[in-house]
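Read through the structure below, which is laid out as structure tokens, and then see the notes.
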Amino acid sequence: MPSSLLWAVDVHGSVYTLSTASQYWELCKDASLEFKRLAAGKQCCWGIACDQQIYVYVHANEVPIRYQEETYENQRWNPVDGFSDHLLPSDRWQWSDVTGLKHQPIKEFKLATQHWEWESNWYVDENIGGEPTEKGGWTYAIDFPATYTKSKRWNSCVRRRRWIRYRRYKSCNTWAKIPSQNLGPLPDPFHDIAVGGWEITDEPFGHLSVWAVTVQGKVFYRENVTDQNPEGLSWTEITTLGEVVQIACGPCDLVCAVLWEGQLMMRKGINRDNPKGNSWEIVEPQNSGNGFVQVSVGVNVLWAVTRDRKVWFRRGVCSENPVGAGWICMNVEMVMVNIGLNDQVWGIGSDDRSIYFRQGVTPTEYSGKAWKVIMANRDQDRSSCASSATSLVSAGCFFGDEVRLPPQASIANNADFSLEMEGIAKETENILETIERVPCSNNNADGDGDVASCCPVAESKCDTVTSVFENISLNEGPSVKCDQTGLKPSAARSWLSDGQQSPQDGAELDTAPSGSSPVNLDLAETSSISSAAVYPFGIEEHYVTEEHPLWAWLSGGGCDIDVHTQLNWFNVQSGLNFSIQSHSMPNSCPQQTVWRKQIVQQLIERSKREVDDFKHYEQAVEQSVWIKKGMMKWWRDGKPYKWTDVKVALEQFTGNDGKRDGIFFIYYTYNDVKKYLHLFLNEVTILVPIANEAKHSFAIYTPERTKQRWPIRLSTATEQEMYDWLAVLSLACCDSSEIHGPPSHQALWSITCKGDVFVSEPSPSLEAAQHPMPSDQLYWRQIGGHLRIVECNSQGIVWGIGYDHTAWVYTGGYGGGFFQGLAGSTDNIYTQSDVMCVYIYENQRWNPLTGYSSRGLPTDRYMWSDASGLQECTKAHTKPPSQWTWVTDWYIDFNAPGGTDRNGWQFAADFPASYHGYKTMKDFVRRRRWARKCKTVTTGPWFEVAPIALRDLSLIPSVPRGTSDQVALWAISSKGDVLCRTGVTKQNAMGTSWLHIGTDQPFVSISVGGHYQVWGIARDGSTFYRGSVTPQNSTGDCWYHIPPPPKQKLVQVSVGRTSVCAVDENGNLWFRQGISPSYPQGSVWQHVSTNVRKVSVGPLDQVWIIADKVQGSHSLSCGTVCHRLGVQPQEPIGGSWDYGIGGGWDHITVRANSMDPSHSSVPKAADNEPVKLTTQNGSTATKSKNILSVEQQELNQNAVKC
């Protein structure tokens, strides 16, 4: 997880940030301003300074903030002048917006504020619907408005063209003042501010809701605050039910305000179409005489502070019920509380003005367990004591938070020192036992309280403890000695309170009804005297400041913390920070474990010496046998097709030659006759969990069963049992195939529909011209992790993208996930998380009486179903995939393919059909898609690359000889920006930074060829080629627009050494002809095949695809890996297909396989029987040798589905 920031303001108005990966508060760069209030988001922070002005602090990003200004130039034809600016009185303006209703002269466009700058001059957009227009960018129509075309016709009487200009936001990493001239009717200065709303249900990505309160108690809303326009446009006043003193806004649709009388107002009606809401609802405090003064809201929580500074928690708060159900008193005093991401809670203590963090907040326990004080020091405290700490370290007298033995060279007499330390330890132990036996009469009923203050004996023993440590003398040499400072009784109390635990850890939860007994929620946090066994030395007083920062306000709206986050905020930092965490990739395995390798090498040499002496002895045991048995269910190969109880046994043995092999047996009973199946492990090609199965099942493939599309399917009683068997079988298959360790640099990588990552070691004959190795004989093994896309090259550099668009880089390890212990490498395995959406569909049919309703025809699909309509899926019964947990509620997805109306509906004539986002007279059915996010946490050899989310990426397949070590890596951000990664080498696969490449529209796919050819596909399906990209000019010069295939919209492209292949939205595979060094754009697109989902072109121009449907001898499977045969320079599109892995695959890359096969003649394409792939219309035809023959069949139940 990338680091995020906690923002805070001290009593002097200085702004500090604390990173989740740091241990120190850092002063904000713009320290000239003093602030009163802050409200932070993920990408920015809003604040009110002491000059009563509002400022915004936008974090700098490697992708700049760009805003596109556009205007349209309109002309009409007349017999005298031809096309001219002389328009009819009823026509639109000469310069207008796209609708023609708004006058937009090109000369009247000005920069919004001083924080923007123009990126370029005005230029004409020469693109319409993905196709290039004629020079000049004009599009023609009969009249205004009408459908425009790029070609001029005899009846084209009007024309228009679009002018574009970009402006760039330049005030990043500094406080930018919101101009006062944009405040409108604002009568008085601002008093409070709140930001949120970036996760409003179905709100467009990048939206931000900014709410503000004035001194007179009025509420204002900032319009049009987005990622592309971080300042917004103007303020809109929101009517209230009284004078407001403070307001809070959560990440979703919760907005709450505090009235002057102490009541709360919850905003209702906030949604996608109305982010400001429509009404308020009053929430009364528990005691009318003790009103609220401050409130904070999250996704499903509300915390508030009353006038007596008590903290209250509101039960039952959610989007459907924003007012909640009741109050719970937390019995702790705070100045304020603040809720951040994942409903985590912070607060500022009433007495000490320290910042506290609420521990134990989870989706099942929003109230948390205990408060813990944040003990991080400020950055200037570290810098002010750096010199003294450095001198102490150089003298050998540096101590941390616990007693550590000094280095061997710094002890004059080791024996005397050991005896002295043993005596000190015994004396200290006696003191602690005496303290522990003394009863604490001042403890409360729950056993909480300050131990040192409630036990007089403990306080009296502090002097003895002090004398013990004063007697310690550590000699650093004959002439170097350290001064020791006595331990103060106050310091002893802090140790005996369980480290830095705050006194509020024993806070009680008082429910709203009076008279109820207090509930102790913090027993797990109660301190224990016997656990106090670590003592800080008084020497740290030399370089740790005594001044305690007093905090006035904080904001955690941009601080991303969950149950898996490791924080270093709760320990006093003494001395220098020797291990500062950063986003740089950790050291490689050889750098981390040099000493381990030395030990292993010594053990190997010793073993060889001992074994060599006994080689002439005859072996007592010629082979060893290992057997594992269990019970499973097996899906029968023949009728009746059903799950059958079976016994399984794995027998693994070692032969005289030392090689390990094994057999897997399946014992079953059929018609009272005992039978069995067996598989030799050296014939197994893959073991894979099955997607979309209610049972915990997995499939076993062999070459023969791959041809039949009929794997062996087994199911276990529990998920853990399935993964245990998968781990054991995978290790046994690797032993039989003699494949161990991390993948080679030439490996093929693939990903299943479930996100599981697999690799295969290619044979030199895989791409041979004569007698190539069949792709169904490749052995695929699983690598830990969860990804959606993976790309690699022959340098061993591998990058991946998760379902949540997070980028990951391969660390060189292997294992993770369900591979435990010796099944994977011990180093370079990291925690990996991923978030994806689960979709279900709500279906309705129109009838004359009720209109659209949930009552369908008997032949209709389920009213709540999956995308196919064959399986019923309701909100209540739809479960997340295995090892995934829900993180959101169900919400309407407005981004469904084909578009939606304002309520999310898509219309069609009947089920199933082509859906569109508007209603016509012929539309009798409609549907809308509901989405819900779920999250998984696993492990694997992947390290996160922050902070930019990616949609697609591509690595140059192989670096040409004679060039620099820099590896070209291009990517598409989740917003469609084109990026180029710098500093990527074999030694530093992560690279250093991103460079932004300007485009006129968002991109969806990118690919880099073997000679630095960069091809990209825009969102509208148009294709672009980047010119002049070289090792010296890594970003190129300009984009060349290449026409797509006629009436097709491309969605993915892959570039090899000289070949360029693309896939359109209808599953057609295209090859670009006419590419040469003098004309790299090519000349024309040639159709190759249908039913293609993804394509990967390797460094040898080899072509591999993921096919949608492949027909085998027994069944039909979806998501199958296919290899193009017969590819050669004279015939770059090849002759036929050879298929490999069975169904359930979603992505493959062969861009690392640069093993050049032997050069020989290619056999006739007719000798290779083509694979049958089903077309979209279900037709079957015998086509030319470069077209896949297809056949329509129903999916067999035994087929592994996507």
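Identifiers for the structure tokens are assigned positionally: chains receive A, B, ... in sequence, residues are indexed from 1 per chain, and ligands are indexed from 1 in the order shown.
By only C-alpha atoms, and with residues fewer than 2 positions from Phe292 of chain A along its chain excluded, the set lying at most 7 Å from it is Val258, Gly262, Gln263, Pro285, Asn290, Gln294, Ala304, Val305, Thr306 and Arg307 of chain A.
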Checklist entry - segment 1105-1108 of chain A: which residues within 7 Å, counting only C-alpha atoms, same-chain residues fewer than 3 positions away excluded, as a PyMOL selection string? => result chain A and resi 1091-1096+1118-1123+1146-1147
Include C-alpha atoms and write out the residues we just selected as a CSV table (one decimal), in the first residue's frame.
```
chain,number,residue,atom,x,y,z
A,1091,ASN,CA,-13.2,-14.9,-31.7
A,1092,VAL,CA,-10.0,-13.3,-30.4
A,1093,ARG,CA,-10.0,-11.7,-26.9
A,1094,LYS,CA,-6.3,-10.7,-26.5
A,1095,VAL,CA,-3.2,-10.9,-28.7
A,1096,SER,CA,0.5,-10.9,-27.8
A,1118,CYS,CA,-13.8,-20.2,-23.4
A,1119,GLY,CA,-10.6,-18.3,-22.8
A,1120,THR,CA,-8.1,-20.7,-24.5
A,1121,VAL,CA,-4.5,-19.9,-25.4
A,1122,CYS,CA,-3.7,-20.4,-29.1
A,1123,HIS,CA,-0.4,-20.3,-30.9
A,1146,ASP,CA,-7.8,-14.0,-19.8
A,1147,HIS,CA,-4.3,-12.8,-20.7
```
Item to check | Contacts of Ile663 of chain A at 9 Å (only C-alpha atoms; same-chain gap of 2+ positions) as a VMD selection string | outcome: chain A and resid 649 to 653 661 665 678 to 682
Checklist entry - Smallest atom-to-atom distance to Glu281 of chain A: which of A:Val967, A:Met334, A:Leu259, A:Cys792, using only C-alpha atoms? => result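 Once distances to Glu281 of chain A are computed over only C-alpha atoms, the minimum belongs to A:Leu259.
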What's the 8 Å shell around segment 731-743 of chain A, counting only C-alpha atoms, without same-chain residues fewer than 2 positions away, as a compact mmCIF listing (two decimals) with N, CA and C atoms, in the first residue's frame?
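Result file out16.txt:
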```
# COMPACT_ATOMS: atom_id res chain seq x y z
N GLN A 652 4.69 -40.49 -4.61
CA GLN A 652 5.90 -39.84 -5.13
C GLN A 652 7.10 -40.68 -4.74
N LYS A 659 16.23 -38.81 -9.52
CA LYS A 659 15.11 -38.05 -10.04
C LYS A 659 13.82 -38.46 -9.34
N ARG A 660 12.97 -37.45 -9.12
CA ARG A 660 11.70 -37.69 -8.44
C ARG A 660 10.58 -37.70 -9.46
N ASP A 661 9.68 -38.63 -9.29
CA ASP A 661 8.51 -38.73 -10.15
C ASP A 661 7.34 -39.20 -9.29
N GLY A 662 6.18 -39.26 -9.88
CA GLY A 662 5.03 -39.65 -9.08
C GLY A 662 3.84 -40.01 -9.93
N LEU A 681 2.70 -37.80 -13.16
CA LEU A 681 2.90 -36.38 -12.91
C LEU A 681 3.73 -35.70 -13.99
N ASN A 682 4.60 -36.47 -14.65
CA ASN A 682 5.39 -35.85 -15.71
C ASN A 682 4.56 -35.57 -16.96
N VAL A 684 1.38 -34.15 -16.54
CA VAL A 684 0.49 -33.05 -16.16
C VAL A 684 1.06 -31.74 -16.71
N ALA A 727 -0.92 -27.11 -3.67
CA ALA A 727 0.49 -26.88 -3.36
C ALA A 727 1.30 -28.16 -3.44
N VAL A 728 0.75 -29.26 -2.88
CA VAL A 728 1.47 -30.53 -2.91
C VAL A 728 1.62 -31.04 -4.33
N LEU A 729 0.54 -31.02 -5.10
CA LEU A 729 0.61 -31.51 -6.48
C LEU A 729 1.51 -30.63 -7.34
N HIS A 745 14.34 -15.77 -17.79
CA HIS A 745 14.07 -14.52 -18.48
C HIS A 745 13.24 -14.73 -19.74
N ALA A 747 10.63 -16.78 -20.02
CA ALA A 747 9.39 -17.46 -19.65
C ALA A 747 8.17 -16.78 -20.27
N VAL A 759 3.33 -19.26 -15.13
CA VAL A 759 4.48 -19.11 -16.01
C VAL A 759 4.82 -20.47 -16.61
N SER A 760 5.47 -20.42 -17.77
CA SER A 760 5.88 -21.64 -18.46
C SER A 760 7.25 -21.40 -19.09
N GLU A 761 8.09 -22.43 -19.01
CA GLU A 761 9.42 -22.34 -19.60
C GLU A 761 9.36 -22.86 -21.04
N ARG A 781 3.17 -23.50 -14.29
CA ARG A 781 3.14 -23.53 -12.82
C ARG A 781 2.70 -22.17 -12.30
N GLY A 812 11.70 -11.10 -8.51
CA GLY A 812 12.66 -12.17 -8.73
C GLY A 812 12.44 -13.38 -7.85
N GLY A 813 11.45 -13.36 -6.98
CA GLY A 813 11.17 -14.50 -6.12
C GLY A 813 10.17 -15.44 -6.76
N TYR A 814 9.72 -16.40 -6.00
CA TYR A 814 8.69 -17.34 -6.46
C TYR A 814 7.97 -17.86 -5.24
N ALA A 823 7.96 -24.23 -0.42
CA ALA A 823 7.36 -24.17 -1.75
C ALA A 823 7.69 -22.87 -2.47
N GLY A 824 8.25 -21.90 -1.79
CA GLY A 824 8.60 -20.63 -2.42
C GLY A 824 9.86 -20.07 -1.81
N SER A 825 10.31 -18.97 -2.40
CA SER A 825 11.50 -18.30 -1.88
C SER A 825 11.15 -17.59 -0.59
```
Item to check | Best match for closeness to Gly130 of chain A among A:Gln708, A:Gln75, A:Thr900, A:Thr1023, counting only C-alpha atoms | outcome: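 Using only C-alpha atoms, Gly130 of chain A sits closest to A:Thr1023.
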Checklist entry - What lies within 8 Å of Arg92 of chain A using only C-alpha atoms, ignoring chain neighbours under 4 positions off, as a list in words? => result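 What passes the distance filter is Asn74, Leu87, Ser96, Gly100, Leu101 and Phe144 of chain A.
Between atom CA of Thr718 of chain A and atom CA of Thr939 of chain A the interatomic distance comes to 20.4 Å.
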Checklist entry - Which residues, written as a PyMOL selection string, have at least one atom at most 10 Å from Ser794 of chain A, with only C-alpha atoms counted and residues fewer than 2 positions away on the same chain left out? => result chain A and resi 744-747+792+796-798+955-959+986+1098-1099+1150-1155
Checklist entry - So which residues of segment 275-337 of chain A fall under strand (DSSP E) by DSSP, listed as number ranges by chain? => result A: 279-283, 292-297, 302-306, 310-315, 326-337
Checklist entry - Out of A:Thr885, A:Gln795, A:Gln1032, A:Thr985, which residue has the shortest atom-to-atom distance to Thr936 of chain A when counting only C-alpha atoms? => result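 Nearest candidate to Thr936 of chain A out of A:Thr885, A:Gln795, A:Gln1032, A:Thr985: A:Thr885.
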Next on the checklist: If we count only C-alpha atoms and set the cut-off at 12 Å, which residues sit around Gln720 of chain A, ignoring sequence neighbours fewer than 2 positions away in its own chain? Please answer as a ChimeraX atom specification.
Outcome noted: /A:696-697,715-718,722-727,817-819,882-883
Kindly save the residues from that selection, with N, CA, C and O atoms included, as a PDB file, in the first residue's frame.
```pdb
ATOM      1  N   HIS A 696     -15.317 -25.898  -4.129  1.00  0.00           N
ATOM      2  CA  HIS A 696     -13.881 -25.648  -4.106  1.00  0.00           C
ATOM      3  C   HIS A 696     -13.219 -26.680  -5.004  1.00  0.00           C
ATOM      4  O   HIS A 696     -12.835 -27.771  -4.569  1.00  0.00           O
ATOM      5  N   SER A 697     -13.116 -26.360  -6.278  1.00  0.00           N
ATOM      6  CA  SER A 697     -12.682 -27.341  -7.251  1.00  0.00           C
ATOM      7  C   SER A 697     -11.497 -26.822  -8.042  1.00  0.00           C
ATOM      8  O   SER A 697     -11.265 -25.613  -8.136  1.00  0.00           O
ATOM      9  N   SER A 715     -12.985 -31.806  -6.524  1.00  0.00           N
ATOM     10  CA  SER A 715     -13.520 -30.857  -5.559  1.00  0.00           C
ATOM     11  C   SER A 715     -13.219 -31.349  -4.149  1.00  0.00           C
ATOM     12  O   SER A 715     -13.279 -32.556  -3.868  1.00  0.00           O
ATOM     13  N   THR A 716     -12.897 -30.422  -3.262  1.00  0.00           N
ATOM     14  CA  THR A 716     -12.602 -30.744  -1.870  1.00  0.00           C
ATOM     15  C   THR A 716     -13.689 -30.183  -0.960  1.00  0.00           C
ATOM     16  O   THR A 716     -14.504 -29.346  -1.378  1.00  0.00           O
ATOM     17  N   ALA A 717     -13.650 -30.627   0.275  1.00  0.00           N
ATOM     18  CA  ALA A 717     -14.681 -30.195   1.223  1.00  0.00           C
ATOM     19  C   ALA A 717     -14.483 -28.745   1.641  1.00  0.00           C
ATOM     20  O   ALA A 717     -15.451 -28.008   1.839  1.00  0.00           O
ATOM     21  N   THR A 718     -13.244 -28.311   1.784  1.00  0.00           N
ATOM     22  CA  THR A 718     -12.959 -26.951   2.227  1.00  0.00           C
ATOM     23  C   THR A 718     -11.991 -26.289   1.256  1.00  0.00           C
ATOM     24  O   THR A 718     -11.273 -26.952   0.501  1.00  0.00           O
ATOM     25  N   MET A 722      -8.343 -27.637  -0.580  1.00  0.00           N
ATOM     26  CA  MET A 722      -8.058 -27.545  -2.007  1.00  0.00           C
ATOM     27  C   MET A 722      -6.686 -26.919  -2.246  1.00  0.00           C
ATOM     28  O   MET A 722      -5.887 -27.417  -3.053  1.00  0.00           O
ATOM     29  N   TYR A 723      -6.393 -25.814  -1.546  1.00  0.00           N
ATOM     30  CA  TYR A 723      -5.101 -25.157  -1.744  1.00  0.00           C
ATOM     31  C   TYR A 723      -3.950 -26.013  -1.223  1.00  0.00           C
ATOM     32  O   TYR A 723      -2.841 -25.968  -1.780  1.00  0.00           O
ATOM     33  N   ASP A 724      -4.194 -26.809  -0.181  1.00  0.00           N
ATOM     34  CA  ASP A 724      -3.146 -27.725   0.287  1.00  0.00           C
ATOM     35  C   ASP A 724      -2.813 -28.761  -0.788  1.00  0.00           C
ATOM     36  O   ASP A 724      -1.637 -29.046  -1.045  1.00  0.00           O
ATOM     37  N   TRP A 725      -3.855 -29.324  -1.405  1.00  0.00           N
ATOM     38  CA  TRP A 725      -3.610 -30.296  -2.471  1.00  0.00           C
ATOM     39  C   TRP A 725      -2.955 -29.649  -3.686  1.00  0.00           C
ATOM     40  O   TRP A 725      -2.074 -30.236  -4.317  1.00  0.00           O
ATOM     41  N   LEU A 726      -3.373 -28.431  -4.019  1.00  0.00           N
ATOM     42  CA  LEU A 726      -2.752 -27.744  -5.144  1.00  0.00           C
ATOM     43  C   LEU A 726      -1.272 -27.503  -4.897  1.00  0.00           C
ATOM     44  O   LEU A 726      -0.434 -27.680  -5.800  1.00  0.00           O
ATOM     45  N   ALA A 727      -0.924 -27.113  -3.671  1.00  0.00           N
ATOM     46  CA  ALA A 727       0.486 -26.875  -3.356  1.00  0.00           C
ATOM     47  C   ALA A 727       1.297 -28.159  -3.442  1.00  0.00           C
ATOM     48  O   ALA A 727       2.393 -28.191  -4.020  1.00  0.00           O
ATOM     49  N   GLY A 817       1.137 -16.742  -1.874  1.00  0.00           N
ATOM     50  CA  GLY A 817      -0.215 -17.287  -1.973  1.00  0.00           C
ATOM     51  C   GLY A 817      -0.367 -18.518  -1.104  1.00  0.00           C
ATOM     52  O   GLY A 817      -0.047 -18.511   0.085  1.00  0.00           O
ATOM     53  N   PHE A 818      -0.862 -19.609  -1.705  1.00  0.00           N
ATOM     54  CA  PHE A 818      -1.039 -20.830  -0.917  1.00  0.00           C
ATOM     55  C   PHE A 818       0.231 -21.667  -0.859  1.00  0.00           C
ATOM     56  O   PHE A 818       0.226 -22.731  -0.248  1.00  0.00           O
ATOM     57  N   PHE A 819       1.317 -21.233  -1.513  1.00  0.00           N
ATOM     58  CA  PHE A 819       2.585 -21.935  -1.391  1.00  0.00           C
ATOM     59  C   PHE A 819       3.273 -21.476  -0.107  1.00  0.00           C
ATOM     60  O   PHE A 819       3.631 -20.313   0.031  1.00  0.00           O
ATOM     61  N   SER A 882     -14.063 -16.681  -3.570  1.00  0.00           N
ATOM     62  CA  SER A 882     -13.331 -17.226  -2.431  1.00  0.00           C
ATOM     63  C   SER A 882     -12.115 -16.367  -2.139  1.00  0.00           C
ATOM     64  O   SER A 882     -11.451 -15.855  -3.050  1.00  0.00           O
ATOM     65  N   GLN A 883     -11.845 -16.198  -0.855  1.00  0.00           N
ATOM     66  CA  GLN A 883     -10.744 -15.394  -0.343  1.00  0.00           C
ATOM     67  C   GLN A 883     -10.924 -13.912  -0.630  1.00  0.00           C
ATOM     68  O   GLN A 883      -9.967 -13.139  -0.573  1.00  0.00           O
TER      69      GLN A 883
END
```
Checklist entry - So how far away is atom CA of Trp890 of chain A from atom CA of Leu857 of chain A, in Å? => result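 Here the two named atoms are 26.5 Å from each other.
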Item to check | Length of the atom CA of Val984 of chain A to atom CA of Leu1100 of chain A vector [Å] | outcome: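 Distance between the two atoms: 22.3 Å.
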Return as a tab-separated table (two decimals) with all heavy atoms, in the first residue's frame the full set of residues in segment 722-891 of chain A whose backbone-based DSSP assignment is alpha helix (DSSP H).
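The new file part_8.tsv reads:
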```
chain	number	residue	atom	x	y	z
A	722	MET	N	-8.34	-27.64	-0.58
A	722	MET	CA	-8.06	-27.55	-2.01
A	722	MET	C	-6.69	-26.92	-2.25
A	722	MET	O	-5.89	-27.42	-3.05
A	722	MET	CB	-9.14	-26.71	-2.70
A	722	MET	CG	-8.92	-26.56	-4.20
A	722	MET	SD	-10.03	-25.35	-4.98
A	722	MET	CE	-9.34	-23.81	-4.34
A	723	TYR	N	-6.39	-25.81	-1.55
A	723	TYR	CA	-5.10	-25.16	-1.74
A	723	TYR	C	-3.95	-26.01	-1.22
A	723	TYR	O	-2.84	-25.97	-1.78
A	723	TYR	CB	-5.11	-23.78	-1.07
A	723	TYR	CG	-5.91	-22.76	-1.85
A	723	TYR	CD1	-7.00	-22.11	-1.27
A	723	TYR	CD2	-5.60	-22.45	-3.17
A	723	TYR	CE1	-7.74	-21.18	-1.98
A	723	TYR	CE2	-6.32	-21.53	-3.88
A	723	TYR	CZ	-7.39	-20.89	-3.29
A	723	TYR	OH	-8.13	-19.97	-4.00
A	724	ASP	N	-4.19	-26.81	-0.18
A	724	ASP	CA	-3.15	-27.73	0.29
A	724	ASP	C	-2.81	-28.76	-0.79
A	724	ASP	O	-1.64	-29.05	-1.04
A	724	ASP	CB	-3.60	-28.42	1.57
A	724	ASP	CG	-3.65	-27.47	2.76
A	724	ASP	OD1	-3.03	-26.39	2.66
A	724	ASP	OD2	-4.31	-27.79	3.76
A	725	TRP	N	-3.86	-29.32	-1.40
A	725	TRP	CA	-3.61	-30.30	-2.47
A	725	TRP	C	-2.95	-29.65	-3.69
A	725	TRP	O	-2.07	-30.24	-4.32
A	725	TRP	CB	-4.92	-30.97	-2.87
A	725	TRP	CG	-5.24	-32.19	-2.06
A	725	TRP	CD1	-6.16	-32.28	-1.05
A	725	TRP	CD2	-4.65	-33.48	-2.18
A	725	TRP	NE1	-6.17	-33.55	-0.54
A	725	TRP	CE2	-5.25	-34.31	-1.22
A	725	TRP	CE3	-3.66	-34.01	-3.00
A	725	TRP	CZ2	-4.90	-35.65	-1.06
A	725	TRP	CZ3	-3.30	-35.35	-2.85
A	725	TRP	CH2	-3.92	-36.15	-1.89
A	726	LEU	N	-3.37	-28.43	-4.02
A	726	LEU	CA	-2.75	-27.74	-5.14
A	726	LEU	C	-1.27	-27.50	-4.90
A	726	LEU	O	-0.43	-27.68	-5.80
A	726	LEU	CB	-3.46	-26.41	-5.40
A	726	LEU	CG	-4.76	-26.46	-6.20
A	726	LEU	CD1	-5.40	-25.08	-6.25
A	726	LEU	CD2	-4.52	-26.98	-7.61
A	727	ALA	N	-0.92	-27.11	-3.67
A	727	ALA	CA	0.49	-26.88	-3.36
A	727	ALA	C	1.30	-28.16	-3.44
A	727	ALA	O	2.39	-28.19	-4.02
A	727	ALA	CB	0.60	-26.26	-1.96
A	728	VAL	N	0.75	-29.26	-2.88
A	728	VAL	CA	1.47	-30.53	-2.91
A	728	VAL	C	1.62	-31.04	-4.33
A	728	VAL	O	2.71	-31.48	-4.76
A	728	VAL	CB	0.75	-31.56	-2.01
A	728	VAL	CG1	1.36	-32.94	-2.19
A	728	VAL	CG2	0.81	-31.13	-0.55
A	729	LEU	N	0.54	-31.02	-5.10
A	729	LEU	CA	0.61	-31.51	-6.48
A	729	LEU	C	1.51	-30.63	-7.34
A	729	LEU	O	2.23	-31.14	-8.20
A	729	LEU	CB	-0.79	-31.57	-7.07
A	729	LEU	CG	-1.73	-32.65	-6.51
A	729	LEU	CD1	-3.14	-32.47	-7.07
A	729	LEU	CD2	-1.19	-34.03	-6.86
A	730	SER	N	1.47	-29.34	-7.14
A	730	SER	CA	2.33	-28.45	-7.93
A	730	SER	C	3.79	-28.72	-7.66
A	730	SER	O	4.62	-28.77	-8.59
A	730	SER	CB	1.98	-26.98	-7.62
A	730	SER	OG	0.66	-26.67	-7.99
A	731	LEU	N	4.15	-28.90	-6.39
A	731	LEU	CA	5.55	-29.22	-6.06
A	731	LEU	C	5.96	-30.55	-6.65
A	731	LEU	O	7.08	-30.70	-7.17
A	731	LEU	CB	5.72	-29.23	-4.54
A	731	LEU	CG	5.76	-27.86	-3.85
A	731	LEU	CD1	5.87	-28.03	-2.35
A	731	LEU	CD2	6.92	-27.03	-4.37
A	732	ALA	N	5.05	-31.53	-6.59
A	732	ALA	CA	5.38	-32.85	-7.14
A	732	ALA	C	5.55	-32.78	-8.66
A	732	ALA	O	6.46	-33.40	-9.22
A	732	ALA	CB	4.28	-33.85	-6.78
A	733	CYS	N	4.71	-32.00	-9.34
A	733	CYS	CA	4.86	-31.86	-10.79
A	733	CYS	C	6.14	-31.12	-11.15
A	733	CYS	O	6.80	-31.45	-12.14
A	733	CYS	CB	3.65	-31.14	-11.37
A	733	CYS	SG	2.11	-32.08	-11.29
A	734	CYS	N	6.50	-30.12	-10.36
A	734	CYS	CA	7.76	-29.41	-10.60
A	734	CYS	C	8.96	-30.35	-10.41
A	734	CYS	O	9.94	-30.27	-11.16
A	734	CYS	CB	7.87	-28.20	-9.68
A	734	CYS	SG	6.76	-26.84	-10.11
A	735	ASP	N	8.87	-31.23	-9.41
A	735	ASP	CA	9.95	-32.20	-9.22
A	735	ASP	C	10.05	-33.15	-10.41
A	735	ASP	O	11.15	-33.48	-10.86
A	735	ASP	CB	9.70	-32.99	-7.93
A	735	ASP	CG	9.88	-32.14	-6.68
A	735	ASP	OD1	10.59	-31.12	-6.77
A	735	ASP	OD2	9.33	-32.49	-5.64
A	736	SER	N	8.90	-33.60	-10.91
A	736	SER	CA	8.93	-34.51	-12.05
A	736	SER	C	9.46	-33.82	-13.30
A	736	SER	O	10.15	-34.44	-14.11
A	736	SER	CB	7.52	-35.06	-12.31
A	736	SER	OG	7.04	-35.77	-11.19
A	737	SER	N	9.13	-32.54	-13.47
A	737	SER	CA	9.59	-31.80	-14.64
A	737	SER	C	10.95	-31.15	-14.42
A	737	SER	O	11.46	-30.51	-15.34
A	737	SER	CB	8.56	-30.72	-15.00
A	737	SER	OG	7.29	-31.27	-15.24
```
